[in-house]
Amino acid sequence: NTKAVAYVAAITFIFLNLTGHCYGDLQFGFYNGKCGTSDVEDIVRRTVVAKFFADKTIAPALIRMQFHDCFVNGCDASILLDGTNSEKTAPPNLSVRGYDVIDAAKVAVERVCPGVVSCADVIIMATRDVISLVNKTKCNGSYQNFIIIFNVHSGGGRYNVQTGRRDGTTSLAQNTASLPSPSTSVSSAIQAFASKRLTATDMIYLLGGHTIGVTHCSLFKDRLYNFKNTGKPDPNMDLALLSSLRRTCPQNATVNRAVNLDQNPFSSSMVDKSFYNQIMLRRGVLQIDQELAIDSLSKSTVAAIASSSDFTTKFGQAMVKLGAIQSGGRRYSVQTGRRDGRVSLARNTQTLPPPSASVSSAIRAFARKGLNPTDMLYLLGGHTIGIAHCSLFQDRLYNFQNSGKPDPTMDVTLLASLRKTCAQNATVDRTVNLDQNPLSSKVIDKSFYTQIMSRRGVLQIDQQLALDGLTKSKVAAIAASSDFNTKFGQAMVKMGAIQVLTGTQGEIRSSCRAIIDTQ
């Protein structure tokens with residue numbers, strides 16, 4: 001049954017990274033005791049302090065560097081590598097600065113602790129330190145710099161960071177294509193951040209990094225003169241700001257000048273929530289910034305942050321999450337020692353539950369393999385990621401159980417959407433996401449359960465999990481839980497122990513595609 005094989009493949013062949021309080025092998029104080037009596041974080045801090053007082057613009061430069069490093073294949077310092085086609089050479093990175101700060105901090109660390117501290121960790125520590133330095137207090141009409149020492153839980157400006165990263169060995173310009181552009185839509189940006197295991201709220205706080213720093217005219221000039229090829233300016237831009245930006249950025253200028261991202265002149269050099277107030281007044285410079293305050297997906301969060309009192313704390317928390325992108329997650333441990341089987345027959349796949357199986361029959365099928373109903377629910381949660389072909393659920397759209405009508409348990413909006421993709425007499429077997437949340441369909445999380453509770457399950461068995469009396473209470477519990485990834489990993493471990501061959505059973509193949517010829 002090839003359809004059943006495809007169905008089960010969707011839940012079994014998943015690369016999983018688990019999240020938790022700590023990220024992967026990262027930990028607070030990773031270098032404690034690894035460099036004798038030297039305090040690695042203090043060495044980096046002192047270097048950053050010296051650099052900051054010589055050039056305060058390194059603050060936005062390092063914030064941007066961390067984002068551009070972490071968003072491209074994780075926080076691995078690949079942005080620092082030289083090369084004719086390295087990330088440094090890609091258009092989004094041509095204006096990235098701060099390399100000298102990282103180099104100086106690395107030299108200082110190597111002097112007392114050679115070969116131990118990664119460049120990736122230096123970027124994370126240096127960015128944290130420069131954020132703590134950037135806030136200013138006004139005294140007697142002049143600004144005086146000061147350091148606010150705090151941790152991420154108590155507010156202030158200096159948050160604790162996890163360390164233990166390793167430096168990457170690959171840096172390719174084409175990999176920067178994952179960086180969201182300044183003109184991206186809010187929904188596209190949310191999807192891009194979700195692919196890095198960052199929520200919409202994380203994204204809004206991280207874009208709050210635009211509370212400091214500058215951008216060049218070329219990145220928003222279309223908003224001033226020819227927005228979306230209309231020959232007119234962006235109607236969402238405040239008229240006074242439009243006039244001001246046009247003076248700085250003439251239409252036919254040959255010099256690519258810079259303007260502050262935060263258009264509040266009293267706050268453009270501080271890490272604070274002023275940015276959100278500005279975009280609510282339609283004074284955002286970049287298109288994505290302005291859209292945050294207008295789009296229904298983000299505007300309520302923007303308003304909440306603008307009226308909050310804990311922006312610096314939440315910004316620090318978001319920076320910590322950014323620093324953990326693709327650092328390995330908290331992988332679950334697996335048992336090993338299996339032997340390879342010598343028999344593979346097509347007819348044996350009849351034990352695979354089909355996509356149209358009832359909940360009770362699926363429970364029995366899993367029970368025969370030593371898995372309980374809760375294990376089954378978590379394993380089917382693998383449908384939080386991946387796709388299904390129209391042929392596996394087309395009967396639900398047009399002729400459910402030979403009724404000549406669609407499945408009445410399917411959300412009508414989803415039904416209309418799926419019918420557009422899977423026409424009744426189509427000759428091409430197209431695909432759709434199993435998790436119908438567009439902001440989460442590429443992330444292993446509990447979104448799948450929320451979707452099926454809203455009657456937005458694609459496969460019949462998926463939808464029935466949220467309706468059947470045998471499982472619906474457990475589905476609701478998982479949807480409301482905070483430990484899905486951990487429990488999913490545990491279920492995957494149990495599945496990996498089904499009828500394994502060990503000892504002298506089976507064989508160890510030299511090629512995974514063929515049994516060993518014993519003739």
# chains A, B, ... in the order shown; residues from 1 in each chain; ligands from 1
>>> residues_around(residues="A:Ala192", least_positions_apart="2", cutoff="9 Å", atoms="only C-alpha atoms", output="NGL selection string")
:A and (178-180 or 187-190 or 194-196 or 198 or 439)
>>> write_last_selection(atoms="all heavy atoms", output="PDB file, in the first residue's frame")
ATOM      1  N   SER A 178      18.416  33.621   3.122  1.00  0.00           N
ATOM      2  CA  SER A 178      17.424  33.415   4.184  1.00  0.00           C
ATOM      3  C   SER A 178      17.158  34.682   5.001  1.00  0.00           C
ATOM      4  O   SER A 178      16.219  34.724   5.793  1.00  0.00           O
ATOM      5  CB  SER A 178      17.889  32.298   5.127  1.00  0.00           C
ATOM      6  OG  SER A 178      19.097  32.653   5.768  1.00  0.00           O
ATOM      7  N   LEU A 179      17.983  35.711   4.823  1.00  0.00           N
ATOM      8  CA  LEU A 179      17.782  36.964   5.560  1.00  0.00           C
ATOM      9  C   LEU A 179      16.548  37.697   5.026  1.00  0.00           C
ATOM     10  O   LEU A 179      16.446  37.935   3.822  1.00  0.00           O
ATOM     11  CB  LEU A 179      19.004  37.874   5.428  1.00  0.00           C
ATOM     12  CG  LEU A 179      20.272  37.424   6.156  1.00  0.00           C
ATOM     13  CD1 LEU A 179      21.471  38.245   5.686  1.00  0.00           C
ATOM     14  CD2 LEU A 179      20.099  37.555   7.671  1.00  0.00           C
ATOM     15  N   PRO A 180      15.600  38.076   5.881  1.00  0.00           N
ATOM     16  CA  PRO A 180      14.420  38.813   5.409  1.00  0.00           C
ATOM     17  C   PRO A 180      14.832  40.179   4.857  1.00  0.00           C
ATOM     18  O   PRO A 180      15.692  40.851   5.421  1.00  0.00           O
ATOM     19  CB  PRO A 180      13.575  38.975   6.683  1.00  0.00           C
ATOM     20  CG  PRO A 180      14.124  37.996   7.674  1.00  0.00           C
ATOM     21  CD  PRO A 180      15.576  37.834   7.330  1.00  0.00           C
ATOM     22  N   SER A 187       3.699  38.791   7.269  1.00  0.00           N
ATOM     23  CA  SER A 187       3.451  37.344   7.274  1.00  0.00           C
ATOM     24  C   SER A 187       4.676  36.572   6.791  1.00  0.00           C
ATOM     25  O   SER A 187       5.021  35.532   7.364  1.00  0.00           O
ATOM     26  CB  SER A 187       2.233  37.007   6.410  1.00  0.00           C
ATOM     27  OG  SER A 187       2.429  37.419   5.069  1.00  0.00           O
ATOM     28  N   SER A 188       5.356  37.092   5.757  1.00  0.00           N
ATOM     29  CA  SER A 188       6.566  36.423   5.270  1.00  0.00           C
ATOM     30  C   SER A 188       7.676  36.476   6.314  1.00  0.00           C
ATOM     31  O   SER A 188       8.414  35.508   6.501  1.00  0.00           O
ATOM     32  CB  SER A 188       7.052  37.075   3.976  1.00  0.00           C
ATOM     33  OG  SER A 188       6.125  36.879   2.939  1.00  0.00           O
ATOM     34  N   ALA A 189       7.791  37.602   6.994  1.00  0.00           N
ATOM     35  CA  ALA A 189       8.800  37.738   8.041  1.00  0.00           C
ATOM     36  C   ALA A 189       8.522  36.766   9.180  1.00  0.00           C
ATOM     37  O   ALA A 189       9.434  36.117   9.711  1.00  0.00           O
ATOM     38  CB  ALA A 189       8.853  39.170   8.557  1.00  0.00           C
ATOM     39  N   ILE A 190       7.258  36.639   9.562  1.00  0.00           N
ATOM     40  CA  ILE A 190       6.898  35.704  10.634  1.00  0.00           C
ATOM     41  C   ILE A 190       7.270  34.285  10.243  1.00  0.00           C
ATOM     42  O   ILE A 190       7.807  33.514  11.056  1.00  0.00           O
ATOM     43  CB  ILE A 190       5.393  35.814  10.961  1.00  0.00           C
ATOM     44  CG1 ILE A 190       5.100  37.141  11.666  1.00  0.00           C
ATOM     45  CG2 ILE A 190       4.934  34.644  11.832  1.00  0.00           C
ATOM     46  CD1 ILE A 190       3.624  37.393  11.927  1.00  0.00           C
ATOM     47  N   ALA A 194       9.874  31.940  12.101  1.00  0.00           N
ATOM     48  CA  ALA A 194       9.379  30.645  12.585  1.00  0.00           C
ATOM     49  C   ALA A 194      10.277  29.508  12.121  1.00  0.00           C
ATOM     50  O   ALA A 194      10.483  28.528  12.847  1.00  0.00           O
ATOM     51  CB  ALA A 194       7.948  30.412  12.109  1.00  0.00           C
ATOM     52  N   SER A 195      10.844  29.642  10.919  1.00  0.00           N
ATOM     53  CA  SER A 195      11.743  28.602  10.421  1.00  0.00           C
ATOM     54  C   SER A 195      13.015  28.514  11.255  1.00  0.00           C
ATOM     55  O   SER A 195      13.753  27.531  11.178  1.00  0.00           O
ATOM     56  CB  SER A 195      12.106  28.868   8.948  1.00  0.00           C
ATOM     57  OG  SER A 195      12.970  29.988   8.818  1.00  0.00           O
ATOM     58  N   LYS A 196      13.266  29.550  12.062  1.00  0.00           N
ATOM     59  CA  LYS A 196      14.420  29.557  12.977  1.00  0.00           C
ATOM     60  C   LYS A 196      13.983  29.307  14.421  1.00  0.00           C
ATOM     61  O   LYS A 196      14.732  29.552  15.355  1.00  0.00           O
ATOM     62  CB  LYS A 196      15.151  30.901  12.886  1.00  0.00           C
ATOM     63  CG  LYS A 196      15.558  31.307  11.476  1.00  0.00           C
ATOM     64  CD  LYS A 196      16.537  30.338  10.867  1.00  0.00           C
ATOM     65  CE  LYS A 196      16.948  30.807   9.467  1.00  0.00           C
ATOM     66  NZ  LYS A 196      17.886  29.848   8.827  1.00  0.00           N
ATOM     67  N   LEU A 198      11.722  30.920  16.098  1.00  0.00           N
ATOM     68  CA  LEU A 198      11.441  32.176  16.790  1.00  0.00           C
ATOM     69  C   LEU A 198       9.981  32.552  16.554  1.00  0.00           C
ATOM     70  O   LEU A 198       9.482  32.444  15.429  1.00  0.00           O
ATOM     71  CB  LEU A 198      12.353  33.290  16.282  1.00  0.00           C
ATOM     72  CG  LEU A 198      13.856  33.084  16.542  1.00  0.00           C
ATOM     73  CD1 LEU A 198      14.683  34.087  15.750  1.00  0.00           C
ATOM     74  CD2 LEU A 198      14.156  33.203  18.030  1.00  0.00           C
ATOM     75  N   LEU A 439       2.264  29.883   9.700  1.00  0.00           N
ATOM     76  CA  LEU A 439       3.369  30.452  10.462  1.00  0.00           C
ATOM     77  C   LEU A 439       4.147  29.383  11.216  1.00  0.00           C
ATOM     78  O   LEU A 439       5.145  29.692  11.866  1.00  0.00           O
ATOM     79  CB  LEU A 439       2.836  31.496  11.455  1.00  0.00           C
ATOM     80  CG  LEU A 439       1.947  32.587  10.857  1.00  0.00           C
ATOM     81  CD1 LEU A 439       1.511  33.551  11.937  1.00  0.00           C
ATOM     82  CD2 LEU A 439       2.680  33.313   9.743  1.00  0.00           C
TER      83      LEU A 439
END
>>> residues_around(residues="A:Arg430", least_positions_apart="2", cutoff="7 Å", atoms="only C-alpha atoms", output="list of chain:residue names")
A:His389, A:Cys390, A:Cys422, A:Val428
>>> write_last_selection(atoms="all heavy atoms", output="compact mmCIF listing (two decimals), in the first residue's frame")
# COMPACT_ATOMS: atom_id res chain seq x y z
N HIS A 389 -0.16 14.26 -0.03
CA HIS A 389 -0.67 14.39 -1.39
C HIS A 389 -2.19 14.41 -1.40
O HIS A 389 -2.84 13.78 -0.56
CB HIS A 389 -0.14 13.25 -2.26
CG HIS A 389 1.31 13.40 -2.62
ND1 HIS A 389 2.33 13.05 -1.75
CD2 HIS A 389 1.92 13.88 -3.74
CE1 HIS A 389 3.50 13.29 -2.33
NE2 HIS A 389 3.28 13.80 -3.52
N CYS A 390 -2.75 15.10 -2.36
CA CYS A 390 -4.21 15.23 -2.47
C CYS A 390 -4.91 13.88 -2.48
O CYS A 390 -6.00 13.72 -1.91
CB CYS A 390 -4.57 15.99 -3.74
SG CYS A 390 -4.03 17.73 -3.76
N CYS A 422 -6.59 20.96 -4.75
CA CYS A 422 -6.86 19.58 -5.14
C CYS A 422 -8.19 19.51 -5.90
O CYS A 422 -9.23 19.11 -5.34
CB CYS A 422 -6.91 18.68 -3.92
SG CYS A 422 -5.45 18.77 -2.85
N VAL A 428 -2.83 15.86 -11.74
CA VAL A 428 -1.57 15.99 -10.99
C VAL A 428 -1.88 15.86 -9.50
O VAL A 428 -2.78 16.51 -8.99
CB VAL A 428 -0.90 17.36 -11.27
CG1 VAL A 428 0.37 17.50 -10.44
CG2 VAL A 428 -0.59 17.50 -12.75
>>> select_by_dssp(residues="stretch 93-282 of chain A", states="strand (DSSP E)", output="MDAnalysis selection string")
chainID A and resid 136:139 142:145 162:163 214:216 258:260
>>> write_last_selection(atoms="all heavy atoms", output="compact mmCIF listing (two decimals), in the first residue's frame")
# COMPACT_ATOMS: atom_id res chain seq x y z
N LYS A 136 22.05 55.97 27.65
CA LYS A 136 22.71 57.19 28.14
C LYS A 136 21.81 57.92 29.13
O LYS A 136 20.59 57.80 29.09
CB LYS A 136 23.03 58.12 26.97
CG LYS A 136 23.95 57.51 25.94
CD LYS A 136 24.13 58.45 24.77
CE LYS A 136 25.08 57.86 23.74
NZ LYS A 136 25.28 58.74 22.60
N THR A 137 22.43 58.66 29.96
CA THR A 137 21.66 59.54 30.85
C THR A 137 22.08 60.98 30.60
O THR A 137 23.24 61.25 30.34
CB THR A 137 21.90 59.18 32.34
OG1 THR A 137 21.06 60.02 33.14
CG2 THR A 137 23.33 59.37 32.75
N LYS A 138 21.15 61.87 30.66
CA LYS A 138 21.43 63.27 30.38
C LYS A 138 21.67 64.01 31.69
O LYS A 138 20.90 63.93 32.63
CB LYS A 138 20.27 63.91 29.63
CG LYS A 138 20.62 65.25 28.99
CD LYS A 138 19.52 65.71 28.07
CE LYS A 138 19.92 66.98 27.35
NZ LYS A 138 18.89 67.45 26.43
N CYS A 139 22.77 64.72 31.75
CA CYS A 139 23.15 65.40 32.99
C CYS A 139 23.71 66.78 32.65
O CYS A 139 24.66 66.91 31.90
CB CYS A 139 24.20 64.58 33.74
SG CYS A 139 24.75 65.31 35.27
N SER A 142 24.31 67.64 28.96
CA SER A 142 25.18 66.81 28.13
C SER A 142 24.92 65.35 28.47
O SER A 142 24.43 65.01 29.54
CB SER A 142 26.65 67.15 28.40
OG SER A 142 26.98 66.87 29.74
N TYR A 143 25.30 64.49 27.55
CA TYR A 143 25.06 63.06 27.75
C TYR A 143 26.29 62.41 28.37
O TYR A 143 27.42 62.65 27.95
CB TYR A 143 24.75 62.38 26.41
CG TYR A 143 23.37 62.71 25.91
CD1 TYR A 143 23.19 63.63 24.88
CD2 TYR A 143 22.25 62.09 26.45
CE1 TYR A 143 21.92 63.93 24.41
CE2 TYR A 143 20.98 62.39 25.99
CZ TYR A 143 20.82 63.30 24.98
OH TYR A 143 19.57 63.60 24.53
N GLN A 144 26.05 61.57 29.37
CA GLN A 144 27.12 60.81 29.97
C GLN A 144 26.79 59.34 29.84
O GLN A 144 25.67 58.92 30.13
CB GLN A 144 27.30 61.17 31.44
CG GLN A 144 27.76 62.61 31.66
CD GLN A 144 27.96 62.91 33.14
OE1 GLN A 144 27.31 62.30 33.98
NE2 GLN A 144 28.85 63.82 33.42
N ASN A 145 27.76 58.54 29.41
CA ASN A 145 27.55 57.11 29.24
C ASN A 145 27.69 56.39 30.57
O ASN A 145 28.46 56.78 31.42
CB ASN A 145 28.57 56.54 28.26
CG ASN A 145 28.34 57.06 26.87
OD1 ASN A 145 27.41 56.64 26.21
ND2 ASN A 145 29.18 58.00 26.42
N GLN A 162 24.22 32.51 27.13
CA GLN A 162 24.72 31.15 27.13
C GLN A 162 25.89 31.05 26.16
O GLN A 162 25.90 31.70 25.11
CB GLN A 162 23.62 30.17 26.72
CG GLN A 162 22.46 30.14 27.70
CD GLN A 162 21.27 29.39 27.15
OE1 GLN A 162 20.93 29.56 25.98
NE2 GLN A 162 20.64 28.57 27.96
N THR A 163 26.86 30.24 26.48
CA THR A 163 28.03 30.05 25.63
C THR A 163 28.29 28.55 25.46
O THR A 163 27.63 27.72 26.07
CB THR A 163 29.26 30.75 26.22
OG1 THR A 163 29.34 30.48 27.62
CG2 THR A 163 29.17 32.26 26.03
N VAL A 214 21.41 53.19 11.75
CA VAL A 214 21.01 53.90 10.54
C VAL A 214 20.70 52.92 9.43
O VAL A 214 21.04 51.75 9.50
CB VAL A 214 22.12 54.87 10.07
CG1 VAL A 214 22.43 55.91 11.14
CG2 VAL A 214 23.40 54.11 9.67
N THR A 215 20.05 53.44 8.41
CA THR A 215 19.84 52.69 7.18
C THR A 215 20.11 53.62 6.01
O THR A 215 20.06 54.85 6.16
CB THR A 215 18.41 52.14 7.10
OG1 THR A 215 18.29 51.27 5.96
CG2 THR A 215 17.38 53.26 6.98
N HIS A 216 20.40 53.04 4.87
CA HIS A 216 20.75 53.85 3.70
C HIS A 216 19.54 54.10 2.80
O HIS A 216 18.62 53.27 2.73
CB HIS A 216 21.88 53.18 2.91
CG HIS A 216 23.21 53.24 3.61
ND1 HIS A 216 23.58 52.33 4.58
CD2 HIS A 216 24.22 54.14 3.51
CE1 HIS A 216 24.77 52.64 5.03
NE2 HIS A 216 25.19 53.74 4.42
N ALA A 258 22.64 58.19 4.68
CA ALA A 258 22.06 57.39 5.75
C ALA A 258 21.14 58.23 6.62
O ALA A 258 21.33 59.44 6.77
CB ALA A 258 23.17 56.78 6.61
N VAL A 259 20.12 57.57 7.20
CA VAL A 259 19.21 58.23 8.14
C VAL A 259 19.01 57.31 9.34
O VAL A 259 19.23 56.10 9.25
CB VAL A 259 17.84 58.54 7.49
CG1 VAL A 259 18.00 59.43 6.28
CG2 VAL A 259 17.10 57.25 7.13
N ASN A 260 18.58 57.88 10.45
CA ASN A 260 18.31 57.08 11.64
C ASN A 260 17.08 56.20 11.44
O ASN A 260 16.07 56.64 10.87
CB ASN A 260 18.07 57.98 12.85
CG ASN A 260 19.33 58.66 13.32
OD1 ASN A 260 20.43 58.13 13.18
ND2 ASN A 260 19.19 59.85 13.90
>>> atom_distance(atom1="atom CA of A:Phe275", atom2="atom CA of A:Thr211")
4.9 Å
>>> residues_around(residues="A:Leu242", least_positions_apart="4", cutoff="10 Å", atoms="only C-alpha atoms", output="PyMOL selection string")
chain A and resi 223-225+233-238+246-247+283+285
>>> write_last_selection(atoms="C-alpha atoms", output="PDB file, in the first residue's frame")
ATOM      1  CA  ARG A 223       8.715  54.408  -0.445  1.00  0.00           C
ATOM      2  CA  LEU A 224       9.520  58.061  -1.141  1.00  0.00           C
ATOM      3  CA  TYR A 225       8.922  58.208  -4.884  1.00  0.00           C
ATOM      4  CA  PRO A 233       5.042  57.653  -2.256  1.00  0.00           C
ATOM      5  CA  ASP A 234       3.930  55.074   0.306  1.00  0.00           C
ATOM      6  CA  PRO A 235       0.564  56.371   1.603  1.00  0.00           C
ATOM      7  CA  ASN A 236       1.344  54.870   5.012  1.00  0.00           C
ATOM      8  CA  MET A 237       4.239  57.272   5.627  1.00  0.00           C
ATOM      9  CA  ASP A 238       3.749  60.370   7.777  1.00  0.00           C
ATOM     10  CA  ARG A 246      13.115  63.366   0.518  1.00  0.00           C
ATOM     11  CA  ARG A 247      15.493  66.176   1.473  1.00  0.00           C
ATOM     12  CA  ARG A 283       7.182  57.274  11.097  1.00  0.00           C
ATOM     13  CA  VAL A 285      11.635  54.250   7.723  1.00  0.00           C
TER      14      VAL A 285
END
>>> residues_around(residues="A:Lys494", least_positions_apart="3", cutoff="12 Å", atoms="only C-alpha atoms", output="list in words")
Tyr332, Ser333, Val334, Gln335, Phe366, Lys369, Gly370, Leu371, Asn372, Thr374, Asp375, Met376, Tyr378, Leu379, Lys487, Phe488, Gly489, Gln490, Ala491, Ala497, Ile498, Gln499 and Val500 of chain A
>>> write_last_selection(atoms="N, CA and C atoms", output="PDB file, in the first residue's frame")
ATOM      1  N   TYR A 332      17.417  14.586  21.863  1.00  0.00           N
ATOM      2  CA  TYR A 332      17.145  13.504  22.788  1.00  0.00           C
ATOM      3  C   TYR A 332      18.150  12.370  22.576  1.00  0.00           C
ATOM      4  N   SER A 333      18.435  11.646  23.624  1.00  0.00           N
ATOM      5  CA  SER A 333      19.366  10.526  23.542  1.00  0.00           C
ATOM      6  C   SER A 333      18.655   9.326  22.926  1.00  0.00           C
ATOM      7  N   VAL A 334      19.358   8.575  22.097  1.00  0.00           N
ATOM      8  CA  VAL A 334      18.771   7.388  21.480  1.00  0.00           C
ATOM      9  C   VAL A 334      19.603   6.162  21.827  1.00  0.00           C
ATOM     10  N   GLN A 335      18.922   5.032  21.949  1.00  0.00           N
ATOM     11  CA  GLN A 335      19.606   3.764  22.173  1.00  0.00           C
ATOM     12  C   GLN A 335      20.110   3.232  20.845  1.00  0.00           C
ATOM     13  N   PHE A 366      -1.169   0.509  16.955  1.00  0.00           N
ATOM     14  CA  PHE A 366      -0.022   0.955  17.739  1.00  0.00           C
ATOM     15  C   PHE A 366       0.212   0.039  18.944  1.00  0.00           C
ATOM     16  N   LYS A 369       2.375  -2.893  18.578  1.00  0.00           N
ATOM     17  CA  LYS A 369       3.809  -2.590  18.529  1.00  0.00           C
ATOM     18  C   LYS A 369       4.321  -2.119  19.891  1.00  0.00           C
ATOM     19  N   GLY A 370       3.498  -2.296  20.929  1.00  0.00           N
ATOM     20  CA  GLY A 370       3.930  -1.924  22.271  1.00  0.00           C
ATOM     21  C   GLY A 370       3.827  -0.437  22.569  1.00  0.00           C
ATOM     22  N   LEU A 371       3.030   0.286  21.773  1.00  0.00           N
ATOM     23  CA  LEU A 371       2.869   1.734  21.952  1.00  0.00           C
ATOM     24  C   LEU A 371       1.455   2.025  22.446  1.00  0.00           C
ATOM     25  N   ASN A 372       1.322   2.886  23.438  1.00  0.00           N
ATOM     26  CA  ASN A 372       0.011   3.196  23.999  1.00  0.00           C
ATOM     27  C   ASN A 372      -0.648   4.358  23.255  1.00  0.00           C
ATOM     28  N   THR A 374      -1.288   7.378  24.118  1.00  0.00           N
ATOM     29  CA  THR A 374      -0.572   8.649  24.260  1.00  0.00           C
ATOM     30  C   THR A 374       0.646   8.684  23.344  1.00  0.00           C
ATOM     31  N   ASP A 375       1.369   7.561  23.259  1.00  0.00           N
ATOM     32  CA  ASP A 375       2.493   7.472  22.310  1.00  0.00           C
ATOM     33  C   ASP A 375       1.999   7.766  20.901  1.00  0.00           C
ATOM     34  N   MET A 376       0.861   7.161  20.539  1.00  0.00           N
ATOM     35  CA  MET A 376       0.304   7.361  19.204  1.00  0.00           C
ATOM     36  C   MET A 376      -0.001   8.831  18.942  1.00  0.00           C
ATOM     37  N   TYR A 378       1.346  11.493  20.288  1.00  0.00           N
ATOM     38  CA  TYR A 378       2.569  12.279  20.103  1.00  0.00           C
ATOM     39  C   TYR A 378       3.235  11.961  18.768  1.00  0.00           C
ATOM     40  N   LEU A 379       3.241  10.702  18.358  1.00  0.00           N
ATOM     41  CA  LEU A 379       3.876  10.343  17.088  1.00  0.00           C
ATOM     42  C   LEU A 379       3.113  10.928  15.900  1.00  0.00           C
ATOM     43  N   LYS A 487       8.141  15.354  25.087  1.00  0.00           N
ATOM     44  CA  LYS A 487       7.298  14.158  25.016  1.00  0.00           C
ATOM     45  C   LYS A 487       7.344  13.532  23.617  1.00  0.00           C
ATOM     46  N   PHE A 488       7.433  14.368  22.593  1.00  0.00           N
ATOM     47  CA  PHE A 488       7.553  13.838  21.234  1.00  0.00           C
ATOM     48  C   PHE A 488       8.853  13.051  21.093  1.00  0.00           C
ATOM     49  N   GLY A 489       9.936  13.580  21.641  1.00  0.00           N
ATOM     50  CA  GLY A 489      11.208  12.862  21.608  1.00  0.00           C
ATOM     51  C   GLY A 489      11.128  11.536  22.336  1.00  0.00           C
ATOM     52  N   GLN A 490      10.455  11.507  23.467  1.00  0.00           N
ATOM     53  CA  GLN A 490      10.309  10.259  24.225  1.00  0.00           C
ATOM     54  C   GLN A 490       9.531   9.222  23.419  1.00  0.00           C
ATOM     55  N   ALA A 491       8.481   9.672  22.728  1.00  0.00           N
ATOM     56  CA  ALA A 491       7.699   8.753  21.895  1.00  0.00           C
ATOM     57  C   ALA A 491       8.531   8.234  20.723  1.00  0.00           C
ATOM     58  N   ALA A 497      12.409   1.446  19.405  1.00  0.00           N
ATOM     59  CA  ALA A 497      12.697   0.179  20.082  1.00  0.00           C
ATOM     60  C   ALA A 497      11.761  -0.938  19.641  1.00  0.00           C
ATOM     61  N   ILE A 498      10.924  -0.680  18.621  1.00  0.00           N
ATOM     62  CA  ILE A 498       9.966  -1.693  18.163  1.00  0.00           C
ATOM     63  C   ILE A 498      10.694  -2.866  17.508  1.00  0.00           C
ATOM     64  N   GLN A 499      10.519  -4.058  18.026  1.00  0.00           N
ATOM     65  CA  GLN A 499      10.974  -5.310  17.415  1.00  0.00           C
ATOM     66  C   GLN A 499      12.376  -5.205  16.808  1.00  0.00           C
ATOM     67  N   VAL A 500      13.311  -4.693  17.578  1.00  0.00           N
ATOM     68  CA  VAL A 500      14.661  -4.540  17.047  1.00  0.00           C
ATOM     69  C   VAL A 500      15.405  -5.869  17.051  1.00  0.00           C
TER      70      VAL A 500
END
>>> residues_around(residues="A:Pro92", least_positions_apart="5", cutoff="10 Å", atoms="only C-alpha atoms", output="short mmCIF file (atom, residue, chain, number, x, y, z; two decimals) with all heavy atoms, in the first residue's frame")
data_model
loop_
_atom_site.label_atom_id
_atom_site.label_comp_id
_atom_site.auth_asym_id
_atom_site.auth_seq_id
_atom_site.Cartn_x
_atom_site.Cartn_y
_atom_site.Cartn_z
N HIS A 68 22.73 38.88 11.47
CA HIS A 68 23.12 38.37 10.17
C HIS A 68 23.94 37.08 10.27
O HIS A 68 23.92 36.26 9.35
CB HIS A 68 23.91 39.44 9.40
CG HIS A 68 23.04 40.48 8.77
ND1 HIS A 68 23.17 40.87 7.46
CD2 HIS A 68 22.02 41.21 9.28
CE1 HIS A 68 22.26 41.81 7.19
NE2 HIS A 68 21.56 42.03 8.28
N GLU A 87 30.08 34.72 3.14
CA GLU A 87 28.91 35.53 3.51
C GLU A 87 29.23 37.02 3.51
O GLU A 87 28.36 37.85 3.22
CB GLU A 87 28.39 35.09 4.88
CG GLU A 87 27.77 33.70 4.90
CD GLU A 87 27.44 33.23 6.29
OE1 GLU A 87 27.17 34.07 7.17
OE2 GLU A 87 27.45 32.00 6.52
N ALA A 173 28.09 32.94 0.19
CA ALA A 173 27.27 34.14 -0.03
C ALA A 173 25.81 33.78 -0.29
O ALA A 173 24.90 34.47 0.18
CB ALA A 173 27.84 34.93 -1.21
N THR A 176 22.94 33.63 2.43
CA THR A 176 22.31 34.83 3.02
C THR A 176 20.92 35.09 2.45
O THR A 176 20.24 36.01 2.89
CB THR A 176 23.18 36.07 2.80
OG1 THR A 176 23.29 36.34 1.39
CG2 THR A 176 24.57 35.88 3.39
N ALA A 177 20.49 34.26 1.50
CA ALA A 177 19.15 34.42 0.93
C ALA A 177 18.07 34.24 1.99
O ALA A 177 16.93 34.67 1.79
CB ALA A 177 18.94 33.43 -0.21
N LEU A 179 17.98 35.71 4.82
CA LEU A 179 17.78 36.96 5.56
C LEU A 179 16.55 37.70 5.03
O LEU A 179 16.45 37.94 3.82
CB LEU A 179 19.00 37.87 5.43
CG LEU A 179 20.27 37.42 6.16
CD1 LEU A 179 21.47 38.24 5.69
CD2 LEU A 179 20.10 37.55 7.67
N PRO A 180 15.60 38.08 5.88
CA PRO A 180 14.42 38.81 5.41
C PRO A 180 14.83 40.18 4.86
O PRO A 180 15.69 40.85 5.42
CB PRO A 180 13.57 38.97 6.68
CG PRO A 180 14.12 38.00 7.67
CD PRO A 180 15.58 37.83 7.33
N SER A 181 14.20 40.58 3.76
CA SER A 181 14.54 41.87 3.16
C SER A 181 13.77 42.99 3.85
O SER A 181 12.74 42.75 4.49
CB SER A 181 14.21 41.87 1.67
OG SER A 181 12.81 41.97 1.47
#
>>> closest_residue(among="A:Thr409, A:Ser358, A:Ser86, A:Ser38", to="A:Arg111", atoms="only C-alpha atoms")
A:Ser38
>>> residues_around(residues="A:Ser440", least_positions_apart="4", cutoff="12 Å", atoms="only C-alpha atoms", output="list in words")
Ser187, Ser188, Ile190, Gln191, Ala192, Phe193, Ala194, Ser195, Lys196, Arg197, Leu198, Thr199, Ala200, His383, Thr384, Ile385, Gly386, Asn433, Leu434, Asp435, Gln436, Ile444, Asp445, Lys446, Ser447, Phe448, Tyr449, Thr450 and Gln451 of chain A
